[in-house]
>>> print(open('data.cif').read())   # mmCIF, C-alpha atoms
data_upload
#
loop_
_atom_site.label_atom_id
_atom_site.label_comp_id
_atom_site.auth_asym_id
_atom_site.auth_seq_id
_atom_site.Cartn_x
_atom_site.Cartn_y
_atom_site.Cartn_z
CA GLY A 1 87.24 100.44 102.58
CA GLN A 2 90.85 101.10 103.44
CA GLN A 3 92.96 102.78 100.79
CA LEU A 4 96.70 102.66 100.41
CA ASN A 5 98.68 104.99 98.21
CA GLN A 6 102.06 104.08 96.81
CA SER A 7 104.57 106.39 95.21
CA PRO A 8 106.00 106.56 92.76
CA GLN A 9 103.72 104.54 90.46
CA SER A 10 106.71 103.59 88.35
CA MET A 11 110.40 104.36 88.19
CA PHE A 12 113.29 103.80 85.83
CA ILE A 13 116.74 103.71 87.37
CA GLN A 14 120.26 102.83 86.35
CA GLU A 15 121.84 99.67 87.67
CA GLY A 16 123.75 100.48 90.85
CA GLU A 17 121.49 103.32 91.93
CA ASP A 18 119.57 103.37 95.19
CA VAL A 19 115.76 103.22 95.15
CA SER A 20 113.22 104.66 97.56
CA MET A 21 109.47 104.12 97.53
CA ASN A 22 106.75 104.70 100.08
CA CYS A 23 103.25 103.81 101.09
CA THR A 24 100.72 105.94 102.93
CA SER A 25 97.31 105.38 104.45
CA SER A 26 94.59 107.57 105.92
CA SER A 27 94.12 104.99 108.69
CA ILE A 28 96.38 103.52 111.34
CA PHE A 29 97.90 100.16 110.53
CA ASN A 30 99.44 97.75 113.01
CA THR A 31 101.36 95.71 110.46
CA TRP A 32 103.17 96.66 107.28
CA LEU A 33 104.54 94.20 104.76
CA TRP A 34 106.44 94.69 101.54
CA TYR A 35 106.07 92.21 98.70
CA LYS A 36 107.70 91.89 95.27
CA GLN A 37 105.82 90.36 92.37
CA ASP A 38 107.33 89.13 89.14
CA PRO A 39 105.17 88.72 86.02
CA GLY A 40 102.85 85.72 86.21
CA GLU A 41 103.80 84.86 89.78
CA GLY A 42 102.44 85.44 93.24
CA PRO A 43 103.82 88.16 95.53
CA VAL A 44 106.92 87.20 97.51
CA LEU A 45 107.36 88.60 101.00
CA LEU A 46 110.39 90.88 101.37
CA ILE A 47 110.06 92.48 104.79
CA ALA A 48 107.48 92.45 107.59
CA LEU A 49 107.15 95.29 110.12
CA TYR A 50 105.17 95.06 113.36
CA LYS A 51 106.09 98.09 115.50
CA ALA A 52 105.92 101.83 114.90
CA GLY A 53 109.41 103.14 114.21
CA GLU A 54 110.76 99.68 113.44
CA LEU A 55 113.59 99.64 110.91
CA THR A 56 114.32 96.26 109.34
CA SER A 57 116.83 95.16 106.73
CA ASN A 58 116.93 92.17 104.43
CA GLY A 59 120.16 92.23 102.42
CA ARG A 60 120.08 95.33 100.23
CA LEU A 61 116.51 96.10 101.28
CA THR A 62 115.56 98.31 104.23
CA ALA A 63 112.04 99.15 105.33
CA GLN A 64 110.63 101.28 108.12
CA PHE A 65 107.28 101.40 109.90
CA GLY A 66 106.35 105.08 110.20
CA ILE A 67 105.99 106.65 113.63
CA THR A 68 102.46 107.82 112.83
CA ARG A 69 101.54 104.20 111.90
CA LYS A 70 100.12 105.58 108.67
CA ASP A 71 103.11 105.10 106.41
CA SER A 72 106.06 102.92 105.51
CA PHE A 73 108.98 103.14 103.15
CA LEU A 74 111.19 100.68 101.33
CA ASN A 75 114.74 101.38 100.17
CA ILE A 76 116.79 99.25 97.83
CA SER A 77 120.52 99.93 97.70
CA ALA A 78 122.78 99.32 94.72
CA SER A 79 120.03 98.07 92.43
CA ILE A 80 120.65 95.09 90.14
CA PRO A 81 118.69 93.82 87.12
CA SER A 82 116.83 91.17 89.14
CA ASP A 83 115.26 93.93 91.25
CA VAL A 84 112.91 94.57 88.33
CA GLY A 85 109.30 93.92 89.26
CA ILE A 86 106.30 95.37 91.03
CA TYR A 87 106.64 96.23 94.70
CA PHE A 88 103.50 96.19 96.83
CA CYS A 89 103.00 97.45 100.31
CA ALA A 90 100.32 95.71 102.34
CA GLY A 91 98.94 97.22 105.49
CA HIS A 92 97.06 95.40 108.18
CA PRO A 93 94.51 97.66 109.86
CA TYR A 94 93.74 96.59 113.38
CA GLY A 95 91.11 93.85 113.38
CA GLN A 96 90.90 93.76 109.60
CA ASN A 97 92.47 91.85 106.76
CA PHE A 98 95.37 92.92 104.63
CA VAL A 99 94.95 95.79 102.21
CA PHE A 100 97.35 96.10 99.29
CA GLY A 101 98.58 99.23 97.62
CA PRO A 102 98.45 99.64 93.83
CA GLY A 103 102.16 98.88 93.49
CA THR A 104 105.34 100.58 92.32
CA ARG A 105 106.74 99.24 89.05
CA LEU A 106 110.55 99.25 89.06
CA SER A 107 112.64 99.05 85.91
CA VAL A 108 116.44 98.81 86.09
CA LEU A 109 118.43 99.94 83.10
CA PRO A 110 121.83 98.33 82.53
CA ASP B 1 109.30 72.32 102.47
CA ALA B 2 106.71 73.01 99.82
CA GLY B 3 105.23 76.46 99.66
CA VAL B 4 101.65 77.33 98.89
CA THR B 5 100.42 75.40 95.87
CA GLN B 6 97.50 76.28 93.62
CA SER B 7 95.73 74.48 90.81
CA PRO B 8 95.12 74.80 88.01
CA THR B 9 97.75 77.24 86.76
CA HIS B 10 95.58 78.59 83.98
CA LEU B 11 91.90 78.29 83.22
CA ILE B 12 89.69 79.50 80.39
CA LYS B 13 85.92 79.66 80.87
CA THR B 14 82.98 81.28 79.12
CA ARG B 15 80.47 83.66 80.61
CA GLY B 16 77.88 82.00 82.82
CA GLN B 17 80.03 78.99 83.66
CA GLN B 18 81.21 78.01 87.11
CA VAL B 19 84.81 77.53 88.24
CA THR B 20 86.57 75.93 91.21
CA LEU B 21 90.09 76.88 92.21
CA ARG B 22 92.17 74.92 94.69
CA CYS B 23 94.85 75.81 97.20
CA SER B 24 97.08 73.83 99.54
CA PRO B 25 98.70 75.88 102.33
CA ILE B 26 102.18 75.57 103.73
CA SER B 27 102.43 72.58 106.07
CA GLY B 28 101.42 73.64 109.56
CA HIS B 29 99.50 76.71 108.42
CA LYS B 30 95.85 76.76 109.43
CA SER B 31 94.63 79.89 107.68
CA VAL B 32 93.99 80.40 103.98
CA SER B 33 93.05 83.67 102.32
CA TRP B 34 91.93 84.29 98.76
CA TYR B 35 92.67 87.38 96.70
CA GLN B 36 91.71 88.61 93.25
CA GLN B 37 94.31 90.54 91.30
CA VAL B 38 93.15 92.32 88.20
CA LEU B 39 95.87 93.25 85.72
CA GLY B 40 97.69 96.38 86.80
CA GLN B 41 96.29 96.47 90.34
CA GLY B 42 97.17 95.16 93.76
CA PRO B 43 95.48 92.03 95.15
CA GLN B 44 91.97 92.53 96.55
CA PHE B 45 90.89 90.46 99.55
CA ILE B 46 88.02 87.99 98.95
CA PHE B 47 87.92 85.55 101.89
CA GLN B 48 89.87 84.30 104.86
CA TYR B 49 89.31 80.87 106.41
CA TYR B 50 90.76 79.65 109.67
CA GLU B 51 90.11 76.24 111.16
CA LYS B 52 87.49 75.61 108.46
CA GLU B 53 85.44 78.66 109.37
CA GLU B 54 85.06 81.89 107.42
CA ARG B 55 86.81 84.64 109.37
CA GLY B 56 86.68 87.46 106.87
CA ARG B 57 84.94 88.44 103.66
CA GLY B 58 85.78 91.21 101.23
CA ASN B 59 83.45 93.23 99.06
CA PHE B 60 82.61 90.55 96.50
CA PRO B 61 79.19 89.31 95.32
CA ASP B 62 77.58 86.12 96.54
CA ARG B 63 78.68 84.41 93.32
CA PHE B 64 81.98 83.96 95.13
CA SER B 65 82.15 81.27 97.80
CA ALA B 66 84.86 79.23 99.45
CA ARG B 67 85.45 76.49 101.94
CA GLN B 68 88.31 74.97 103.89
CA PHE B 69 88.80 71.28 104.44
CA PRO B 70 90.04 69.38 107.54
CA ASN B 71 93.53 69.22 106.02
CA TYR B 72 93.41 73.06 105.73
CA SER B 73 93.35 73.06 101.95
CA SER B 74 90.76 75.33 100.39
CA GLU B 75 88.57 75.81 97.35
CA LEU B 76 87.28 79.03 95.84
CA ASN B 77 84.13 78.77 93.74
CA VAL B 78 82.82 81.39 91.39
CA ASN B 79 79.39 80.96 89.81
CA ALA B 80 77.82 82.66 86.80
CA LEU B 81 81.16 83.96 85.54
CA LEU B 82 81.37 87.46 84.11
CA LEU B 83 84.01 88.92 81.83
CA GLY B 84 85.15 91.07 84.75
CA ASP B 85 86.05 87.98 86.76
CA SER B 86 89.09 87.51 84.54
CA ALA B 87 92.04 87.91 86.89
CA LEU B 88 94.87 86.21 88.75
CA TYR B 89 93.43 84.47 91.81
CA LEU B 90 95.93 84.23 94.63
CA CYS B 91 95.86 82.04 97.68
CA ALA B 92 97.86 82.95 100.77
CA SER B 93 98.46 80.86 103.87
CA SER B 94 99.42 81.87 107.38
CA LEU B 95 99.91 80.13 110.70
CA GLY B 96 96.94 81.82 112.29
CA GLN B 97 94.50 84.61 111.68
CA THR B 98 95.97 87.48 113.67
CA SER B 99 97.59 90.60 112.25
CA THR B 100 101.06 89.33 113.12
CA ASP B 101 100.60 86.15 111.11
CA THR B 102 102.43 86.85 107.89
CA GLN B 103 100.76 85.68 104.70
CA TYR B 104 102.71 83.71 102.11
CA PHE B 105 101.34 83.60 98.60
CA GLY B 106 101.06 80.88 96.03
CA PRO B 107 101.78 81.38 92.32
CA GLY B 108 98.13 82.01 91.51
CA THR B 109 95.57 80.72 89.04
CA ARG B 110 95.09 82.80 85.92
CA LEU B 111 91.38 82.79 85.03
CA THR B 112 90.26 84.06 81.65
CA VAL B 113 86.54 84.47 81.01
CA LEU B 114 85.53 84.74 77.35
#
>>> encode(input="data.cif", output="structure tokens")
Amino acid sequence: GQQLNQSPQSMFIQEGEDVSMNCTSSSIFNTWLWYKQDPGEGPVLLIALYKAGELTSNGRLTAQFGITRKDSFLNISASIPSDVGIYFCAGHPYGQNFVFGPGTRLSVLP
Amino acid sequence: DAGVTQSPTHLIKTRGQQVTLRCSPISGHKSVSWYQQVLGQGPQFIFQYYEKEERGRGNFPDRFSARQFPNYSSELNVNALLLGDSALYLCASSLGQTSTDTQYFGPGTRLTVL
């Protein structure tokens, strides 16, 4: 089946720092979504991307749909303690259902 | 408006038992998908239902089954439970079944198999 790779697996940053994480696939995807999951809860949608090259912002979050359609990145600016959680990318291969990456665990140190 | 709701929140079963999980989608959404999330991993797709018909199935054994009702709510059934079935089961709803229909997740049902 489809495989998504996320990097880094985990990261520890200081409050106020910017964060960058990415997601890659060996196959072409026609939709990319970024979710955040807090412990014991379901994933919450952060940003949805539908076109190659698309750059979309949601507050301090910015995500881009890679030109090759095989990757996406998520940036968080000026991190705050509530940014702590696991960030998942989810790709939608054409004609198939969503595939989730393994997640990037973010910890924010005060 | 209410989001996706799931019941029960937590469930403890023993090996060999059967379990039924329930999901109510966002009002107006006609598609429901089920995912299994094992601790430390991303969600894995199990089923998608749209307009009461199965539209997608992931790589799960036949012990897993689901159905969607006329009001678009859905049930996931798992028979002959194994220890490895212990996981967070997530339901997601979307307006339709196409790739541009964003999925919104419920809080999940935590299943523990002893």
>>> resolve_selection(input="data.cif", expression="the PyMOL selection byres ((chain B) within 6 of (chain A))", output="JSON, numbers by chain")
{"B": [41, 42, 105, 106, 107, 108]}
>>> residues_around(input="data.cif", residues="B:Thr9", least_positions_apart="3", cutoff="7 Å", atoms="only C-alpha atoms", output="ChimeraX atom specification")
/B:6,108-110
>>> atom_distance(input="data.cif", atom1="atom CA of B:Leu11", atom2="atom CA of B:Trp34")
16.7 Å
>>> resolve_selection(input="data.cif", expression="the PyMOL selection byres ((chain B and resi 86-102) around 7)", output="ChimeraX atom specification")
/A:31,42,92 /B:4,23,25-26,28-39,50,83-85,103-113
>>> write_last_selection(input="data.cif", atoms="C-alpha atoms", output="PDB file, in the coordinates of the input")
ATOM      1  CA  THR A  31     101.360  95.710 110.460  1.00  0.00           C
ATOM      2  CA  GLY A  42     102.440  85.440  93.240  1.00  0.00           C
ATOM      3  CA  HIS A  92      97.060  95.400 108.180  1.00  0.00           C
TER       4      HIS A  92
ATOM      5  CA  VAL B   4     101.650  77.330  98.890  1.00  0.00           C
ATOM      6  CA  CYS B  23      94.850  75.810  97.200  1.00  0.00           C
ATOM      7  CA  PRO B  25      98.700  75.880 102.330  1.00  0.00           C
ATOM      8  CA  ILE B  26     102.180  75.570 103.730  1.00  0.00           C
ATOM      9  CA  GLY B  28     101.420  73.640 109.560  1.00  0.00           C
ATOM     10  CA  HIS B  29      99.500  76.710 108.420  1.00  0.00           C
ATOM     11  CA  LYS B  30      95.850  76.760 109.430  1.00  0.00           C
ATOM     12  CA  SER B  31      94.630  79.890 107.680  1.00  0.00           C
ATOM     13  CA  VAL B  32      93.990  80.400 103.980  1.00  0.00           C
ATOM     14  CA  SER B  33      93.050  83.670 102.320  1.00  0.00           C
ATOM     15  CA  TRP B  34      91.930  84.290  98.760  1.00  0.00           C
ATOM     16  CA  TYR B  35      92.670  87.380  96.700  1.00  0.00           C
ATOM     17  CA  GLN B  36      91.710  88.610  93.250  1.00  0.00           C
ATOM     18  CA  GLN B  37      94.310  90.540  91.300  1.00  0.00           C
ATOM     19  CA  VAL B  38      93.150  92.320  88.200  1.00  0.00           C
ATOM     20  CA  LEU B  39      95.870  93.250  85.720  1.00  0.00           C
ATOM     21  CA  TYR B  50      90.760  79.650 109.670  1.00  0.00           C
ATOM     22  CA  LEU B  83      84.010  88.920  81.830  1.00  0.00           C
ATOM     23  CA  GLY B  84      85.150  91.070  84.750  1.00  0.00           C
ATOM     24  CA  ASP B  85      86.050  87.980  86.760  1.00  0.00           C
ATOM     25  CA  GLN B 103     100.760  85.680 104.700  1.00  0.00           C
ATOM     26  CA  TYR B 104     102.710  83.710 102.110  1.00  0.00           C
ATOM     27  CA  PHE B 105     101.340  83.600  98.600  1.00  0.00           C
ATOM     28  CA  GLY B 106     101.060  80.880  96.030  1.00  0.00           C
ATOM     29  CA  PRO B 107     101.780  81.380  92.320  1.00  0.00           C
ATOM     30  CA  GLY B 108      98.130  82.010  91.510  1.00  0.00           C
ATOM     31  CA  THR B 109      95.570  80.720  89.040  1.00  0.00           C
ATOM     32  CA  ARG B 110      95.090  82.800  85.920  1.00  0.00           C
ATOM     33  CA  LEU B 111      91.380  82.790  85.030  1.00  0.00           C
ATOM     34  CA  THR B 112      90.260  84.060  81.650  1.00  0.00           C
ATOM     35  CA  VAL B 113      86.540  84.470  81.010  1.00  0.00           C
TER      36      VAL B 113
END
>>> axis_aligned_box(input="data.cif", around="stretch 47-59 of chain A", padding_each_side="3 Å", output="JSON")
{"center_x": 112.7, "center_y": 97.7, "center_z": 109.0, "size_x": 21.0, "size_y": 17.0, "size_z": 19.1}
>>> resolve_selection(input="data.cif", expression="the PyMOL selection byres ((chain A and resi 82) around 10)", output="MDAnalysis selection string")
chainID A and resid 15 38 79:81 83:85 107:108
>>> closest_residue(input="data.cif", among="B:Gln68, B:Gln44, B:Asn79, B:Asn59", to="B:Arg22", atoms="all atoms listed in the file")
B:Gln68
>>> closest_residue(input="data.cif", among="B:Glu53, B:Pro70, B:Asp62, B:Ser24", to="B:Ser7", atoms="all atoms listed in the file")
B:Ser24
